[in-house]
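Novice: Below you'll find run-v7.pdb; it's PDB, C-alpha atoms.
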```pdb
ATOM      1  CA  MET A 940     -25.854 -67.250 -50.364  1.00  0.00           C
ATOM      2  CA  LYS A 941     -24.512 -64.084 -51.966  1.00  0.00           C
ATOM      3  CA  THR A 942     -27.314 -61.832 -50.725  1.00  0.00           C
ATOM      4  CA  ILE A 943     -26.659 -62.907 -47.149  1.00  0.00           C
ATOM      5  CA  LYS A 944     -23.025 -61.815 -47.441  1.00  0.00           C
ATOM      6  CA  ILE A 945     -24.043 -58.496 -48.966  1.00  0.00           C
ATOM      7  CA  LEU A 946     -26.570 -57.933 -46.200  1.00  0.00           C
ATOM      8  CA  ALA A 947     -24.021 -58.765 -43.512  1.00  0.00           C
ATOM      9  CA  VAL A 948     -21.491 -56.309 -44.929  1.00  0.00           C
ATOM     10  CA  THR A 949     -24.052 -53.548 -45.388  1.00  0.00           C
ATOM     11  CA  PHE A 950     -25.511 -54.194 -41.945  1.00  0.00           C
ATOM     12  CA  ALA A 951     -22.099 -53.867 -40.334  1.00  0.00           C
ATOM     13  CA  ALA A 952     -21.341 -50.722 -42.343  1.00  0.00           C
ATOM     14  CA  THR A 953     -24.672 -49.157 -41.398  1.00  0.00           C
ATOM     15  CA  LEU A 954     -24.129 -49.786 -37.719  1.00  0.00           C
ATOM     16  CA  ALA A 955     -20.547 -48.555 -37.915  1.00  0.00           C
ATOM     17  CA  ILE A 956     -21.788 -45.262 -39.317  1.00  0.00           C
ATOM     18  CA  ALA A 957     -24.371 -45.114 -36.544  1.00  0.00           C
ATOM     19  CA  CYS A 958     -21.628 -45.221 -33.887  1.00  0.00           C
ATOM     20  CA  GLY A 959     -21.265 -41.481 -33.410  1.00  0.00           C
ATOM     21  CA  THR A 960     -18.338 -39.681 -31.840  1.00  0.00           C
ATOM     22  CA  GLN A 961     -18.827 -39.018 -28.124  1.00  0.00           C
ATOM     23  CA  LYS A 962     -18.176 -35.615 -26.625  1.00  0.00           C
ATOM     24  CA  SER A 963     -14.768 -35.018 -25.067  1.00  0.00           C
ATOM     25  CA  ASN A 964     -13.486 -32.668 -22.386  1.00  0.00           C
ATOM     26  CA  VAL A 965     -11.011 -31.342 -24.943  1.00  0.00           C
ATOM     27  CA  ASN A 966     -12.320 -28.310 -26.824  1.00  0.00           C
ATOM     28  CA  VAL A 967     -12.082 -28.142 -30.624  1.00  0.00           C
ATOM     29  CA  GLU A 968     -13.521 -25.741 -33.165  1.00  0.00           C
ATOM     30  CA  ALA A 969     -15.389 -28.442 -35.121  1.00  0.00           C
ATOM     31  CA  GLU A 970     -18.959 -29.101 -34.015  1.00  0.00           C
ATOM     32  CA  LEU A 971     -20.839 -32.337 -33.582  1.00  0.00           C
ATOM     33  CA  PRO A 972     -24.039 -32.843 -35.596  1.00  0.00           C
ATOM     34  CA  THR A 973     -27.089 -31.039 -34.233  1.00  0.00           C
ATOM     35  CA  ALA A 974     -30.021 -32.937 -32.741  1.00  0.00           C
ATOM     36  CA  ALA A 975     -31.935 -32.412 -35.986  1.00  0.00           C
ATOM     37  CA  GLU A 976     -29.047 -33.806 -38.024  1.00  0.00           C
ATOM     38  CA  VAL A 977     -28.824 -36.813 -35.700  1.00  0.00           C
ATOM     39  CA  ASP A 978     -32.542 -37.407 -36.199  1.00  0.00           C
ATOM     40  CA  SER A 979     -32.200 -37.160 -39.988  1.00  0.00           C
ATOM     41  CA  ALA A 980     -29.215 -39.503 -40.134  1.00  0.00           C
ATOM     42  CA  SER A 981     -30.905 -41.970 -37.777  1.00  0.00           C
ATOM     43  CA  TYR A 982     -34.083 -41.960 -39.846  1.00  0.00           C
ATOM     44  CA  LEU A 983     -32.251 -42.518 -43.120  1.00  0.00           C
ATOM     45  CA  LEU A 984     -30.195 -45.347 -41.613  1.00  0.00           C
ATOM     46  CA  GLY A 985     -33.506 -46.918 -40.620  1.00  0.00           C
ATOM     47  CA  VAL A 986     -34.830 -46.462 -44.149  1.00  0.00           C
ATOM     48  CA  ASN A 987     -31.645 -48.018 -45.536  1.00  0.00           C
ATOM     49  CA  PHE A 988     -31.886 -51.013 -43.249  1.00  0.00           C
ATOM     50  CA  GLY A 989     -35.599 -51.379 -43.995  1.00  0.00           C
ATOM     51  CA  SER A 990     -34.856 -51.334 -47.729  1.00  0.00           C
ATOM     52  CA  MET A 991     -32.368 -54.171 -47.244  1.00  0.00           C
ATOM     53  CA  ILE A 992     -34.906 -56.241 -45.338  1.00  0.00           C
ATOM     54  CA  LYS A 993     -37.565 -55.675 -47.984  1.00  0.00           C
ATOM     55  CA  GLY A 994     -35.227 -55.792 -50.967  1.00  0.00           C
ATOM     56  CA  TYR A 995     -33.821 -59.184 -50.038  1.00  0.00           C
ATOM     57  CA  ASN A 996     -37.327 -60.453 -49.255  1.00  0.00           C
ATOM     58  CA  PHE A 997     -36.670 -61.152 -45.580  1.00  0.00           C
ATOM     59  CA  ALA A 998     -40.081 -59.728 -44.685  1.00  0.00           C
ATOM     60  CA  ASP A 999     -43.254 -58.657 -46.472  1.00  0.00           C
ATOM     61  CA  ASN A1000     -44.207 -56.491 -43.493  1.00  0.00           C
ATOM     62  CA  LEU A1001     -43.254 -55.878 -39.873  1.00  0.00           C
ATOM     63  CA  ASN A1002     -45.394 -58.799 -38.717  1.00  0.00           C
ATOM     64  CA  ASP A1003     -42.878 -61.141 -40.395  1.00  0.00           C
ATOM     65  CA  LEU A1004     -40.146 -60.094 -37.956  1.00  0.00           C
ATOM     66  CA  ASN A1005     -39.767 -59.514 -34.226  1.00  0.00           C
ATOM     67  CA  VAL A1006     -38.994 -55.797 -34.185  1.00  0.00           C
ATOM     68  CA  ALA A1007     -37.961 -55.916 -30.524  1.00  0.00           C
ATOM     69  CA  GLU A1008     -35.287 -58.506 -31.335  1.00  0.00           C
ATOM     70  CA  LEU A1009     -34.231 -56.499 -34.392  1.00  0.00           C
ATOM     71  CA  LYS A1010     -33.695 -53.452 -32.179  1.00  0.00           C
ATOM     72  CA  LYS A1011     -31.920 -55.539 -29.519  1.00  0.00           C
ATOM     73  CA  GLY A1012     -29.519 -56.960 -32.109  1.00  0.00           C
ATOM     74  CA  MET A1013     -28.615 -53.470 -33.296  1.00  0.00           C
ATOM     75  CA  GLN A1014     -28.079 -52.241 -29.745  1.00  0.00           C
ATOM     76  CA  ASP A1015     -25.976 -55.265 -28.844  1.00  0.00           C
ATOM     77  CA  PHE A1016     -23.745 -54.668 -31.853  1.00  0.00           C
ATOM     78  CA  LEU A1017     -23.326 -50.979 -31.058  1.00  0.00           C
ATOM     79  CA  GLN A1018     -22.395 -51.778 -27.465  1.00  0.00           C
ATOM     80  CA  ALA A1019     -20.092 -54.689 -28.285  1.00  0.00           C
ATOM     81  CA  LYS A1020     -16.411 -54.393 -27.413  1.00  0.00           C
ATOM     82  CA  GLY A1021     -13.473 -55.179 -29.648  1.00  0.00           C
ATOM     83  CA  SER A1022     -13.138 -55.758 -33.368  1.00  0.00           C
ATOM     84  CA  PRO A1023     -15.594 -57.836 -35.447  1.00  0.00           C
ATOM     85  CA  SER A1024     -12.538 -59.551 -36.939  1.00  0.00           C
ATOM     86  CA  ASP A1025     -11.642 -60.942 -33.507  1.00  0.00           C
ATOM     87  CA  PRO A1026     -12.803 -64.615 -33.242  1.00  0.00           C
ATOM     88  CA  ALA A1027     -14.069 -63.912 -29.718  1.00  0.00           C
ATOM     89  CA  PHE A1028     -16.185 -60.939 -30.840  1.00  0.00           C
ATOM     90  CA  GLY A1029     -19.265 -63.063 -31.535  1.00  0.00           C
ATOM     91  CA  GLU A1030     -19.323 -64.443 -27.989  1.00  0.00           C
ATOM     92  CA  GLN A1031     -20.894 -61.183 -26.793  1.00  0.00           C
ATOM     93  CA  PHE A1032     -24.169 -61.848 -28.603  1.00  0.00           C
ATOM     94  CA  ASP A1033     -27.148 -64.130 -28.025  1.00  0.00           C
ATOM     95  CA  ILE A1034     -26.321 -65.692 -31.410  1.00  0.00           C
ATOM     96  CA  ASP A1035     -22.904 -65.511 -33.037  1.00  0.00           C
ATOM     97  CA  PRO A1036     -23.142 -63.069 -36.012  1.00  0.00           C
ATOM     98  CA  ASN A1037     -21.038 -65.546 -37.993  1.00  0.00           C
ATOM     99  CA  MET A1038     -24.140 -67.766 -37.983  1.00  0.00           C
ATOM    100  CA  MET A1039     -26.128 -65.119 -39.853  1.00  0.00           C
ATOM    101  CA  GLY A1040     -25.958 -66.936 -43.186  1.00  0.00           C
ATOM    102  CA  ASN A1041     -27.178 -70.270 -41.787  1.00  0.00           C
ATOM    103  CA  VAL A1042     -29.934 -68.748 -39.668  1.00  0.00           C
ATOM    104  CA  LEU A1043     -31.296 -66.462 -42.395  1.00  0.00           C
ATOM    105  CA  ASP A1044     -31.072 -69.148 -45.088  1.00  0.00           C
ATOM    106  CA  ALA A1045     -33.103 -71.519 -42.895  1.00  0.00           C
ATOM    107  CA  PHE A1046     -35.585 -68.751 -42.074  1.00  0.00           C
ATOM    108  CA  ILE A1047     -36.142 -67.827 -45.718  1.00  0.00           C
ATOM    109  CA  MET A1048     -36.404 -71.435 -46.884  1.00  0.00           C
ATOM    110  CA  LYS A1049     -38.927 -72.353 -44.209  1.00  0.00           C
ATOM    111  CA  ARG A1050     -41.073 -69.302 -44.917  1.00  0.00           C
ATOM    112  CA  GLN A1051     -40.978 -69.862 -48.680  1.00  0.00           C
ATOM    113  CA  THR A1052     -41.899 -73.537 -48.296  1.00  0.00           C
ATOM    114  CA  TYR A1053     -44.848 -72.620 -46.096  1.00  0.00           C
ATOM    115  CA  LYS A1054     -46.092 -69.965 -48.519  1.00  0.00           C
ATOM    116  CA  ALA A1055     -45.724 -72.299 -51.496  1.00  0.00           C
ATOM    117  CA  GLU A1056     -47.755 -75.032 -49.765  1.00  0.00           C
ATOM    118  CA  LEU A1057     -50.345 -72.489 -48.641  1.00  0.00           C
ATOM    119  CA  ASN A1058     -50.701 -71.108 -52.179  1.00  0.00           C
ATOM    120  CA  ALA A1059     -51.139 -74.625 -53.551  1.00  0.00           C
ATOM    121  CA  ALA A1060     -53.835 -75.456 -50.990  1.00  0.00           C
ATOM    122  CA  GLU A1061     -55.679 -72.176 -51.520  1.00  0.00           C
ATOM    123  CA  GLY A1062     -55.516 -72.604 -55.294  1.00  0.00           C
ATOM    124  CA  LYS A1063     -56.884 -76.134 -55.092  1.00  0.00           C
ATOM    125  CA  ALA A1064     -59.767 -75.028 -52.870  1.00  0.00           C
ATOM    126  CA  PHE A1065     -60.569 -72.066 -55.125  1.00  0.00           C
ATOM    127  CA  LEU A1066     -60.604 -74.127 -58.320  1.00  0.00           C
ATOM    128  CA  ALA A1067     -62.770 -76.830 -56.747  1.00  0.00           C
ATOM    129  CA  LYS A1068     -65.361 -74.237 -55.781  1.00  0.00           C
ATOM    130  CA  ASN A1069     -65.017 -72.268 -59.014  1.00  0.00           C
ATOM    131  CA  ALA A1070     -65.620 -75.391 -61.129  1.00  0.00           C
ATOM    132  CA  LYS A1071     -69.168 -75.594 -59.759  1.00  0.00           C
ATOM    133  CA  ARG A1072     -70.153 -72.251 -61.254  1.00  0.00           C
ATOM    134  CA  ALA A1073     -72.574 -72.496 -64.171  1.00  0.00           C
ATOM    135  CA  ASP A1074     -70.555 -70.086 -66.321  1.00  0.00           C
ATOM    136  CA  VAL A1075     -67.224 -71.875 -65.829  1.00  0.00           C
ATOM    137  CA  ASP A1076     -65.929 -74.779 -67.919  1.00  0.00           C
ATOM    138  CA  THR A1077     -62.895 -76.965 -67.215  1.00  0.00           C
ATOM    139  CA  THR A1078     -60.577 -78.593 -69.747  1.00  0.00           C
ATOM    140  CA  ALA A1079     -58.788 -81.933 -69.360  1.00  0.00           C
ATOM    141  CA  SER A1080     -55.628 -80.124 -68.244  1.00  0.00           C
ATOM    142  CA  GLY A1081     -57.448 -78.404 -65.394  1.00  0.00           C
ATOM    143  CA  LEU A1082     -57.684 -74.985 -67.030  1.00  0.00           C
ATOM    144  CA  GLN A1083     -60.928 -73.226 -66.124  1.00  0.00           C
ATOM    145  CA  TYR A1084     -62.471 -70.548 -68.302  1.00  0.00           C
ATOM    146  CA  THR A1085     -65.489 -68.412 -69.031  1.00  0.00           C
ATOM    147  CA  ILE A1086     -66.091 -67.339 -72.619  1.00  0.00           C
ATOM    148  CA  ILE A1087     -67.605 -63.866 -72.745  1.00  0.00           C
ATOM    149  CA  ALA A1088     -67.352 -63.498 -76.532  1.00  0.00           C
ATOM    150  CA  GLU A1089     -66.076 -66.213 -78.903  1.00  0.00           C
ATOM    151  CA  GLY A1090     -64.924 -63.757 -81.555  1.00  0.00           C
ATOM    152  CA  ALA A1091     -64.170 -64.930 -85.102  1.00  0.00           C
ATOM    153  CA  ALA A1092     -65.044 -68.485 -86.069  1.00  0.00           C
ATOM    154  CA  GLU A1093     -61.430 -69.401 -86.807  1.00  0.00           C
ATOM    155  CA  LYS A1094     -59.759 -70.153 -83.492  1.00  0.00           C
ATOM    156  CA  ILE A1095     -56.273 -69.058 -82.515  1.00  0.00           C
ATOM    157  CA  ALA A1096     -53.575 -71.615 -83.330  1.00  0.00           C
ATOM    158  CA  PRO A1097     -50.465 -72.056 -81.147  1.00  0.00           C
ATOM    159  CA  GLN A1098     -48.148 -70.436 -83.697  1.00  0.00           C
ATOM    160  CA  ASP A1099     -50.389 -67.447 -84.408  1.00  0.00           C
ATOM    161  CA  THR A1100     -49.379 -63.967 -83.324  1.00  0.00           C
ATOM    162  CA  VAL A1101     -51.908 -62.189 -81.145  1.00  0.00           C
ATOM    163  CA  TRP A1102     -52.472 -58.672 -79.850  1.00  0.00           C
ATOM    164  CA  VAL A1103     -54.350 -58.648 -76.554  1.00  0.00           C
ATOM    165  CA  ASN A1104     -55.470 -56.540 -73.633  1.00  0.00           C
ATOM    166  CA  TYR A1105     -55.478 -58.340 -70.314  1.00  0.00           C
ATOM    167  CA  LYS A1106     -55.483 -58.042 -66.549  1.00  0.00           C
ATOM    168  CA  GLY A1107     -53.843 -60.625 -64.331  1.00  0.00           C
ATOM    169  CA  THR A1108     -54.854 -60.979 -60.690  1.00  0.00           C
ATOM    170  CA  LEU A1109     -54.020 -63.219 -57.764  1.00  0.00           C
ATOM    171  CA  LEU A1110     -56.717 -64.951 -55.725  1.00  0.00           C
ATOM    172  CA  ASP A1111     -56.709 -62.097 -53.211  1.00  0.00           C
ATOM    173  CA  GLY A1112     -57.494 -59.600 -55.968  1.00  0.00           C
ATOM    174  CA  THR A1113     -53.983 -58.175 -56.307  1.00  0.00           C
ATOM    175  CA  VAL A1114     -53.346 -57.023 -59.881  1.00  0.00           C
ATOM    176  CA  PHE A1115     -49.825 -58.180 -60.789  1.00  0.00           C
ATOM    177  CA  ASP A1116     -49.845 -57.299 -64.490  1.00  0.00           C
ATOM    178  CA  GLU A1117     -52.110 -55.667 -67.075  1.00  0.00           C
ATOM    179  CA  ASP A1118     -52.243 -53.998 -70.460  1.00  0.00           C
ATOM    180  CA  ASP A1119     -55.148 -51.875 -71.667  1.00  0.00           C
ATOM    181  CA  SER A1120     -53.395 -49.971 -74.451  1.00  0.00           C
ATOM    182  CA  GLU A1121     -55.133 -49.294 -77.745  1.00  0.00           C
ATOM    183  CA  GLU A1122     -52.795 -51.548 -79.727  1.00  0.00           C
ATOM    184  CA  GLY A1123     -52.496 -54.223 -77.042  1.00  0.00           C
ATOM    185  CA  ILE A1124     -49.467 -56.367 -76.291  1.00  0.00           C
ATOM    186  CA  MET A1125     -48.149 -58.690 -78.992  1.00  0.00           C
ATOM    187  CA  PHE A1126     -46.798 -62.217 -78.616  1.00  0.00           C
ATOM    188  CA  VAL A1127     -46.884 -65.658 -80.228  1.00  0.00           C
ATOM    189  CA  ALA A1128     -49.573 -67.822 -78.643  1.00  0.00           C
ATOM    190  CA  ASN A1129     -47.261 -70.734 -77.793  1.00  0.00           C
ATOM    191  CA  ARG A1130     -44.523 -68.594 -76.238  1.00  0.00           C
ATOM    192  CA  VAL A1131     -46.343 -67.862 -73.006  1.00  0.00           C
ATOM    193  CA  ILE A1132     -47.470 -69.980 -70.048  1.00  0.00           C
ATOM    194  CA  LYS A1133     -49.388 -73.156 -70.902  1.00  0.00           C
ATOM    195  CA  GLY A1134     -52.681 -71.843 -69.540  1.00  0.00           C
ATOM    196  CA  TRP A1135     -52.550 -68.867 -71.889  1.00  0.00           C
ATOM    197  CA  THR A1136     -51.713 -70.971 -74.941  1.00  0.00           C
ATOM    198  CA  GLU A1137     -54.576 -73.361 -74.267  1.00  0.00           C
ATOM    199  CA  GLY A1138     -57.005 -70.587 -73.371  1.00  0.00           C
ATOM    200  CA  LEU A1139     -56.302 -68.554 -76.495  1.00  0.00           C
ATOM    201  CA  GLY A1140     -57.115 -71.616 -78.592  1.00  0.00           C
ATOM    202  CA  LEU A1141     -60.698 -71.417 -77.363  1.00  0.00           C
ATOM    203  CA  VAL A1142     -61.499 -68.109 -79.081  1.00  0.00           C
ATOM    204  CA  GLY A1143     -60.871 -66.190 -82.287  1.00  0.00           C
ATOM    205  CA  GLU A1144     -60.064 -62.580 -83.090  1.00  0.00           C
ATOM    206  CA  GLY A1145     -62.331 -60.318 -81.041  1.00  0.00           C
ATOM    207  CA  GLY A1146     -62.804 -62.954 -78.379  1.00  0.00           C
ATOM    208  CA  LYS A1147     -63.114 -62.155 -74.697  1.00  0.00           C
ATOM    209  CA  MET A1148     -62.716 -64.551 -71.779  1.00  0.00           C
ATOM    210  CA  THR A1149     -61.648 -65.070 -68.211  1.00  0.00           C
ATOM    211  CA  LEU A1150     -59.020 -67.718 -67.546  1.00  0.00           C
ATOM    212  CA  TYR A1151     -58.548 -69.414 -64.177  1.00  0.00           C
ATOM    213  CA  ILE A1152     -55.103 -70.959 -64.467  1.00  0.00           C
ATOM    214  CA  PRO A1153     -53.819 -73.622 -62.029  1.00  0.00           C
ATOM    215  CA  SER A1154     -50.228 -73.114 -60.911  1.00  0.00           C
ATOM    216  CA  ASP A1155     -48.936 -76.072 -62.956  1.00  0.00           C
ATOM    217  CA  LEU A1156     -50.198 -74.323 -66.103  1.00  0.00           C
ATOM    218  CA  ALA A1157     -48.741 -70.991 -64.950  1.00  0.00           C
ATOM    219  CA  TYR A1158     -45.417 -70.446 -63.156  1.00  0.00           C
ATOM    220  CA  GLY A1159     -45.500 -73.577 -61.002  1.00  0.00           C
ATOM    221  CA  THR A1160     -43.224 -74.073 -58.026  1.00  0.00           C
ATOM    222  CA  ARG A1161     -40.738 -71.435 -59.211  1.00  0.00           C
ATOM    223  CA  GLY A1162     -43.038 -68.427 -59.498  1.00  0.00           C
ATOM    224  CA  ASN A1163     -41.445 -65.221 -60.707  1.00  0.00           C
ATOM    225  CA  GLN A1164     -40.598 -61.775 -59.363  1.00  0.00           C
ATOM    226  CA  ALA A1165     -44.247 -60.724 -59.061  1.00  0.00           C
ATOM    227  CA  ILE A1166     -45.888 -64.116 -58.514  1.00  0.00           C
ATOM    228  CA  ALA A1167     -45.263 -66.404 -55.563  1.00  0.00           C
ATOM    229  CA  PRO A1168     -44.667 -70.147 -56.142  1.00  0.00           C
ATOM    230  CA  ASN A1169     -47.755 -72.337 -56.678  1.00  0.00           C
ATOM    231  CA  SER A1170     -50.020 -69.349 -57.354  1.00  0.00           C
ATOM    232  CA  THR A1171     -53.315 -69.854 -59.166  1.00  0.00           C
ATOM    233  CA  LEU A1172     -53.837 -66.954 -61.582  1.00  0.00           C
ATOM    234  CA  ILE A1173     -56.893 -65.223 -63.011  1.00  0.00           C
ATOM    235  CA  PHE A1174     -56.708 -63.388 -66.334  1.00  0.00           C
ATOM    236  CA  ASP A1175     -59.315 -61.264 -68.083  1.00  0.00           C
ATOM    237  CA  VAL A1176     -58.358 -61.389 -71.761  1.00  0.00           C
ATOM    238  CA  GLU A1177     -59.529 -59.569 -74.886  1.00  0.00           C
ATOM    239  CA  VAL A1178     -58.063 -60.572 -78.257  1.00  0.00           C
ATOM    240  CA  LEU A1179     -57.757 -57.427 -80.346  1.00  0.00           C
ATOM    241  CA  LYS A1180     -56.070 -58.890 -83.412  1.00  0.00           C
ATOM    242  CA  VAL A1181     -54.719 -62.188 -84.742  1.00  0.00           C
ATOM    243  CA  GLY A1182     -51.928 -62.654 -87.240  1.00  0.00           C
ATOM    244  CA  LYS A1183     -52.323 -66.170 -88.660  1.00  0.00           C
ATOM    245  CA  TYR A1184     -49.183 -68.239 -88.895  1.00  0.00           C
ATOM    246  CA  VAL A1185     -48.009 -68.815 -92.464  1.00  0.00           C
ATOM    247  CA  PRO A1186     -45.501 -71.692 -92.883  1.00  0.00           C
ATOM    248  CA  ALA A1187     -42.400 -70.807 -94.855  1.00  0.00           C
ATOM    249  CA  GLU A1188     -42.360 -72.170 -98.384  1.00  0.00           C
ATOM    250  CA  LYS A1189     -39.988 -75.069 -98.951  1.00  0.00           C
TER     251      LYS A1189
END
```
Please re-express this file's structure in structure tokens.

Specialist:
Amino acid sequence: MKTIKILAVTFAATLAIACGTQKSNVNVEAELPTAAEVDSASYLLGVNFGSMIKGYNFADNLNDLNVAELKKGMQDFLQAKGSPSDPAFGEQFDIDPNMMGNVLDAFIMKRQTYKAELNAAEGKAFLAKNAKRADVDTTASGLQYTIIAEGAAEKIAPQDTVWVNYKGTLLDGTVFDEDDSEEGIMFVANRVIKGWTEGLGLVGEGGKMTLYIPSDLAYGTRGNQAIAPNSTLIFDVEVLKVGKYVPAEK
């Protein structure tokens, strides 16, 4: 995995920088960094390493990792003897650093699989309970919705262009995307996730609704940058304007 290799190189570089020069009995005019400068450099190295952990999605928070082992690994590397290019170098550690790729790949895969299954189970439980609400209807595909205002009598067709305001939230209430601008966001109704296309077909211009979209009608097992795999999504939608599709003349 490319990110693993990048992390390994950056990790080694970070720790190499952290290996400061020890004082010598020989006097020179140049001065070592002050205590304050050591503190600043140490802090920023920590920030850099933390950004790598978060940036490569190794942990959502500190509870995802054993910080004591993280610190121990850094100390062991700093205290290790010899060159990292020496085949015997890795024998000084509890786990050979050359195994980093395999260990981290397995860690990430196992965590992602767990989260995906958990999201699927939570989504299923939510939709089962939500379907019992008097103001919620369910289509044959499994899409759930509440119509707040039907809008114009002519419903939105898949090839129509729409301008909408919306707010998208996860089941825990996290807002992952929204638009409340005066002109709204524009798109063609059938060029979005399936749950949106089907939901828009239930209202006309001026319509308002809440969509409860199962993961298979949203981003499924892949998810995207802001949405974890198998996530059930909730959207509050207001259709500001509809541009009806006009077939080209033959």

Novice: Compile the contact shell of range 1147-1154 of chain A as a list in words: residues with an atom at most 6 Å away, counting all atoms listed in the file, same-chain residues fewer than 6 positions apart removed.

Specialist: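 Here the qualifying residues turn out to be Leu1082, Gln1083, Tyr1084, Thr1085, Ile1086, Ile1087, Ala1088, Gly1134, Asn1169, Ser1170, Thr1171, Leu1172, Ile1173, Phe1174, Asp1175, Val1176 and Glu1177 of chain A.
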
Novice: For Met1048 in chain A, which residue out of A:Arg1072, A:Asn996, A:Ala980, A:Val1127 is the nearest one, using all atoms listed in the file?

Specialist: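 Of all the options, A:Asn996 lies closest to Met1048 in chain A.
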
Novice: Tell me, as a PDB file with C-alpha atoms, keeping the file's coordinate frame, which residues lie within 12 Å of Lys1020 in chain A, counting all atoms listed in the file; anything in the same chain fewer than 3 positions away does not count.

Specialist:
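Writing the result to around-v9.pdb gives the following:
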```pdb
ATOM      1  CA  ASP A1015     -25.976 -55.265 -28.844  1.00  0.00           C
ATOM      2  CA  PHE A1016     -23.745 -54.668 -31.853  1.00  0.00           C
ATOM      3  CA  LEU A1017     -23.326 -50.979 -31.058  1.00  0.00           C
ATOM      4  CA  PRO A1023     -15.594 -57.836 -35.447  1.00  0.00           C
ATOM      5  CA  SER A1024     -12.538 -59.551 -36.939  1.00  0.00           C
ATOM      6  CA  ASP A1025     -11.642 -60.942 -33.507  1.00  0.00           C
ATOM      7  CA  ALA A1027     -14.069 -63.912 -29.718  1.00  0.00           C
ATOM      8  CA  PHE A1028     -16.185 -60.939 -30.840  1.00  0.00           C
ATOM      9  CA  GLY A1029     -19.265 -63.063 -31.535  1.00  0.00           C
ATOM     10  CA  GLU A1030     -19.323 -64.443 -27.989  1.00  0.00           C
ATOM     11  CA  GLN A1031     -20.894 -61.183 -26.793  1.00  0.00           C
ATOM     12  CA  PHE A1032     -24.169 -61.848 -28.603  1.00  0.00           C
TER      13      PHE A1032
END
```

Novice: What does the distance between CA of Thr1160 in chain A and CA of Ser1080 in chain A come to in Å, to one decimal place?

Specialist: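 CA of Ser1080 in chain A lies at a distance of 17.2 Å from CA of Thr1160 in chain A.
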
Novice: Quick check, in Å to one decimal: how far apart do CA of Leu971 in chain A and CA of Gln1018 in chain A lie?

Specialist: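 CA of Gln1018 in chain A lies 20.4 Å from CA of Leu971 in chain A.
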
Novice: Please return as a list in words every residue within 10 Å of (-51.4, -73.0, -52.5), taking into account all atoms listed in the file and the file's own coordinates.

Specialist: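 Returned residue set, sorted by chain then number, is Tyr1053, Lys1054, Ala1055, Glu1056, Leu1057, Asn1058, Ala1059, Ala1060, Glu1061, Gly1062, Lys1063, Ala1064, Phe1065, Pro1153, Ser1154, Thr1160, Ala1167, Pro1168, Asn1169, Ser1170 and Thr1171 of chain A.
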
Novice: So how far away is CA of Val1075 in chain A from CA of Val1178 in chain A, in Å?

Specialist: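 So the two atoms, CA of Val1178 in chain A and CA of Val1075 in chain A, lie 19.1 Å apart.
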
Novice: Between A:Lys1180, A:Ile1166, A:Pro1036, A:Asn964, which residue has the minimum interatomic distance to Thr1108 in chain A, considering only C-alpha atoms?

Specialist: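 Residue with the minimum atom-to-atom distance to Thr1108 in chain A: A:Ile1166.
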
Novice: When distances are computed from all atoms listed in the file, which of A:Glu1089, A:Asp1099, A:Glu970, A:Glu1188 shows the smallest separation from Asn1129 in chain A?

Specialist: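 The shortest atom-to-atom distance to Asn1129 in chain A comes from A:Asp1099.
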
Novice: Given the file shown, determine the residues that the PyMOL selection byres ((chain A and resi 1185) around 12) selects; report them as a list in words.

Specialist: Ala1096, Gln1098, Asp1099, Thr1100, Gly1182, Lys1183, Tyr1184, Pro1186, Ala1187 and Glu1188 of chain A

Novice: Using the chain letters and residue numbers of this document, give as a PyMOL selection string the residues selected by the PyMOL selection byres ((chain A and resi 1143) around 9).

Specialist: chain A and resi 1089-1095+1139-1142+1144-1147+1178+1180-1181

Novice: Using all atoms listed in the file, which of the listed residues (A:Tyr982, A:Trp1102, A:Phe1126, A:Phe1046) sits closest to Leu1004 in chain A?

Specialist: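 Nearest to Leu1004 in chain A: A:Phe1046.
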
Novice: Would you mind listing what lies within 10 Å of Ile1132 in chain A as a ChimeraX atom specification, with all atoms listed in the file counted and same-chain residues fewer than 5 positions away left out?

Specialist: /A:1137,1152,1155-1159

Novice: Using only C-alpha atoms, please write the residues we just selected to a file, as an mmCIF file, in the coordinates of the input.

Specialist:
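Output (again-v4.cif):
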```cif
data_model
loop_
_atom_site.group_PDB
_atom_site.id
_atom_site.type_symbol
_atom_site.label_atom_id
_atom_site.label_comp_id
_atom_site.auth_asym_id
_atom_site.auth_seq_id
_atom_site.Cartn_x
_atom_site.Cartn_y
_atom_site.Cartn_z
ATOM 1 C CA GLU A 1137 -54.576 -73.361 -74.267
ATOM 2 C CA ILE A 1152 -55.103 -70.959 -64.467
ATOM 3 C CA ASP A 1155 -48.936 -76.072 -62.956
ATOM 4 C CA LEU A 1156 -50.198 -74.323 -66.103
ATOM 5 C CA ALA A 1157 -48.741 -70.991 -64.950
ATOM 6 C CA TYR A 1158 -45.417 -70.446 -63.156
ATOM 7 C CA GLY A 1159 -45.500 -73.577 -61.002
#
```

Novice: Closest to Leu1009 in chain A among A:Ile992, A:Val1042, A:Ala1070, A:Leu983, using only C-alpha atoms?

Specialist: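 Looking only at the distances to Leu1009 in chain A, the closest residue turns out to be A:Ile992.
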
Novice: May I have the centre and edge lengths, in Å to one decimal, of an axis-aligned box around the listed atoms of range 1103-1109 of chain A with 6 Å added to every side, as lines of an AutoDock Vina configuration file?

Specialist:
```
center_x = -54.7
center_y = -59.9
center_z = -67.2
size_x = 13.6
size_y = 18.7
size_z = 30.8
```
